[in-house]
Amino acid sequence: MISDTYTFKILRYDAKEPEKEPYFASYKIKVIPGLTVLAMLLRIRDEIDGTLSFRSSCRSAICGSCAMVINGKIDLACRTQVAIFETDTIILEPLPNFEVIKDLVVDMTPFWQMYEKIQPYLIRKSSEPEKEIHQSQKDRKKIDQFVNCILCACCYGACPVLNRDGNYAGPAAMAKLQRFSLDSRDERSAESLEAFNSEDGVWGCDTVFRCIEACPKDVRPTDGIVGLRKTLLKNKAKEIWRAVKK
Ligand code: FES
């Protein structure tokens, strides 16, 4: 540890007071080894400045609510220990690619709208099963990494495409679309994927893997996007083949 007193520089802004420019507020606070950035934020809010805003809930890297930029890197505040940095200054900024509501709280509406669009649930065409539908371990393995996504939006904040095009569906939504379309219990039609067969969907990705670098749960959204591209191309090839055979 550098010293036991750290300076937290936190980007402050309130969308209700747009006339005030964003600014960095500094807070000096003693850090006990082992404490996380989130633990320090809670102490700053509780002991120094009750007006500071940020999101948190589980404190265990499960709920996905505490994503932010920590010393230039997107991560979850609750899984980032203060002592890992080779400096006693911690700079905190809100997730990029979102409108800021207040301080470290961003407006997640576009993220959830994209997520809703992919219909993130099992779609069945067969009659309702009378008991649970079993899934083999082999089939579960195909979706493992995408199930692990906690929807924290770290990937969304890191995505260079979203930085220039807010219409792009984004890595998390595409990874979850692949999660459901690969699920052995899901019966969504090939046509339902067509809605994402565009530059705003699977073809928008630059494949520069920033989402993979940013994911705190080792999900690889780009794998999902590439998988969806392959499925769409296969579907197209089948369609052409059927037309030729007629
Ligand atoms: Fe839940 Fe950090 S508080 S992921």
# chains A, B, ... in the order shown; residues from 1 in each chain; ligands from 1
$ residues_near_ligand --ligand "ligand 1" --cutoff "10 Å" --atoms "only C-alpha atoms and all ligand atoms" --output "list in words"
Val37, Leu38, Ala39, Arg55, Ser56, Ser57, Cys58, Arg59, Ser60, Ala61, Ile62, Cys63, Gly64, Ser65, Cys66, Ala67, Met68, Asp75, Leu76, Ala77, Cys78, Arg79, Thr80, Ile150, Leu151, Cys152 and Pro216 of chain A
$ closest_atom_pairs --of "region 76-170 of chain A" --to "region 220-241 of chain A" --cutoff "9 Å" --atoms "only C-alpha atoms" --output "JSON lines"
{"residue": "A:Gln145", "atom": "CA", "partner": "A:Arg220", "partner_atom": "CA", "distance": 7.3}
{"residue": "A:Phe146", "atom": "CA", "partner": "A:Pro221", "partner_atom": "CA", "distance": 7.7}
{"residue": "A:Cys155", "atom": "CA", "partner": "A:Pro221", "partner_atom": "CA", "distance": 8.2}
$ write_last_selection --atoms "C-alpha atoms" --output "compact mmCIF listing (two decimals), in the first residue's frame"
# COMPACT_ATOMS: atom_id res chain seq x y z
CA GLN A 145 -20.46 -18.01 -20.45
CA PHE A 146 -23.47 -16.00 -21.65
CA CYS A 155 -19.19 -3.93 -22.05
$ closest_residue --among "A:Cys154, A:Ile133, A:Ala190, A:Leu182" --to "Gly170 (chain A)" --atoms "only C-alpha atoms"
A:Cys154
$ closest_residue --among "A:Ala158, A:Leu122, A:Cys215, A:Thr207" --to "Ser184 (chain A)" --atoms "only C-alpha atoms"
A:Leu122
$ closest_residue --among "A:Ala83, A:Cys211, A:Val147, A:Leu92" --to "Pro171 (chain A)" --atoms "only C-alpha atoms"
A:Cys211
$ select_by_dssp --residues "region 80-170 of chain A" --states "strand (DSSP E or B)" --output "list in words"
Gln81, Thr89, Ile90, Ile91, Leu92, Glu93, Val100, Ile101, Lys102, Val105 and Val106 of chain A
$ closest_residue --among "A:Ile32, A:Phe209, A:Arg185, A:Val244" --to "Ile143 (chain A)" --atoms "only C-alpha atoms"
A:Arg185
$ residues_around --residues "Ile101 (chain A)" --least-positions-apart "6" --cutoff "8 Å" --atoms "only C-alpha atoms" --output "list of chain:residue names"
A:Tyr13, A:Asp14, A:Ala15, A:Lys16, A:Asp107
$ select_by_dssp --residues "chain A" --states "helix (DSSP H, G or I)" --output "VMD selection string"
chain A and resid 37 to 48 77 to 79 82 to 84 109 to 117 137 to 147 154 to 158 160 to 164 171 to 182 190 to 194 202 to 204 210 to 214 221 to 245
$ atom_distance --atom1 "CA of Val82 (chain A)" --atom2 "CA of Phe8 (chain A)"
10.2 Å
$ atom_distance --atom1 "CA of Asp88 (chain A)" --atom2 "CA of Lys28 (chain A)"
9.8 Å
$ closest_residue --among "A:Cys159, A:Met114, A:Ile123, A:Ile74" --to "Asp183 (chain A)" --atoms "only C-alpha atoms"
A:Ile123
$ closest_residue --among "A:Gly157, A:Pro94, A:Gly72, A:Pro120" --to "Arg12 (chain A)" --atoms "only C-alpha atoms"
A:Pro94
$ residues_around --residues "Glu187 (chain A)" --least-positions-apart "6" --cutoff "10 Å" --atoms "only C-alpha atoms" --output "PyMOL selection string"
chain A and resi 122-126+180-181
$ write_last_selection --atoms "C-alpha atoms" --output "mmCIF file, in the first residue's frame"
data_model
loop_
_atom_site.group_PDB
_atom_site.id
_atom_site.type_symbol
_atom_site.label_atom_id
_atom_site.label_comp_id
_atom_site.auth_asym_id
_atom_site.auth_seq_id
_atom_site.Cartn_x
_atom_site.Cartn_y
_atom_site.Cartn_z
ATOM 1 C CA LEU A 122 -37.254 -18.899 -23.432
ATOM 2 C CA ILE A 123 -39.687 -18.834 -26.349
ATOM 3 C CA ARG A 124 -41.657 -22.068 -26.832
ATOM 4 C CA LYS A 125 -43.825 -23.094 -29.759
ATOM 5 C CA SER A 126 -44.625 -26.586 -28.489
ATOM 6 C CA PHE A 180 -31.258 -17.782 -25.791
ATOM 7 C CA SER A 181 -30.911 -18.820 -29.424
#
$ atom_distance --atom1 "CA of Glu191 (chain A)" --atom2 "CA of Gln119 (chain A)"
13.4 Å
$ residues_around --residues "Thr51 (chain A)" --least-positions-apart "6" --cutoff "12 Å" --atoms "only C-alpha atoms" --output "ChimeraX atom specification"
/A:12-14,25,41-42,44-45,102-104
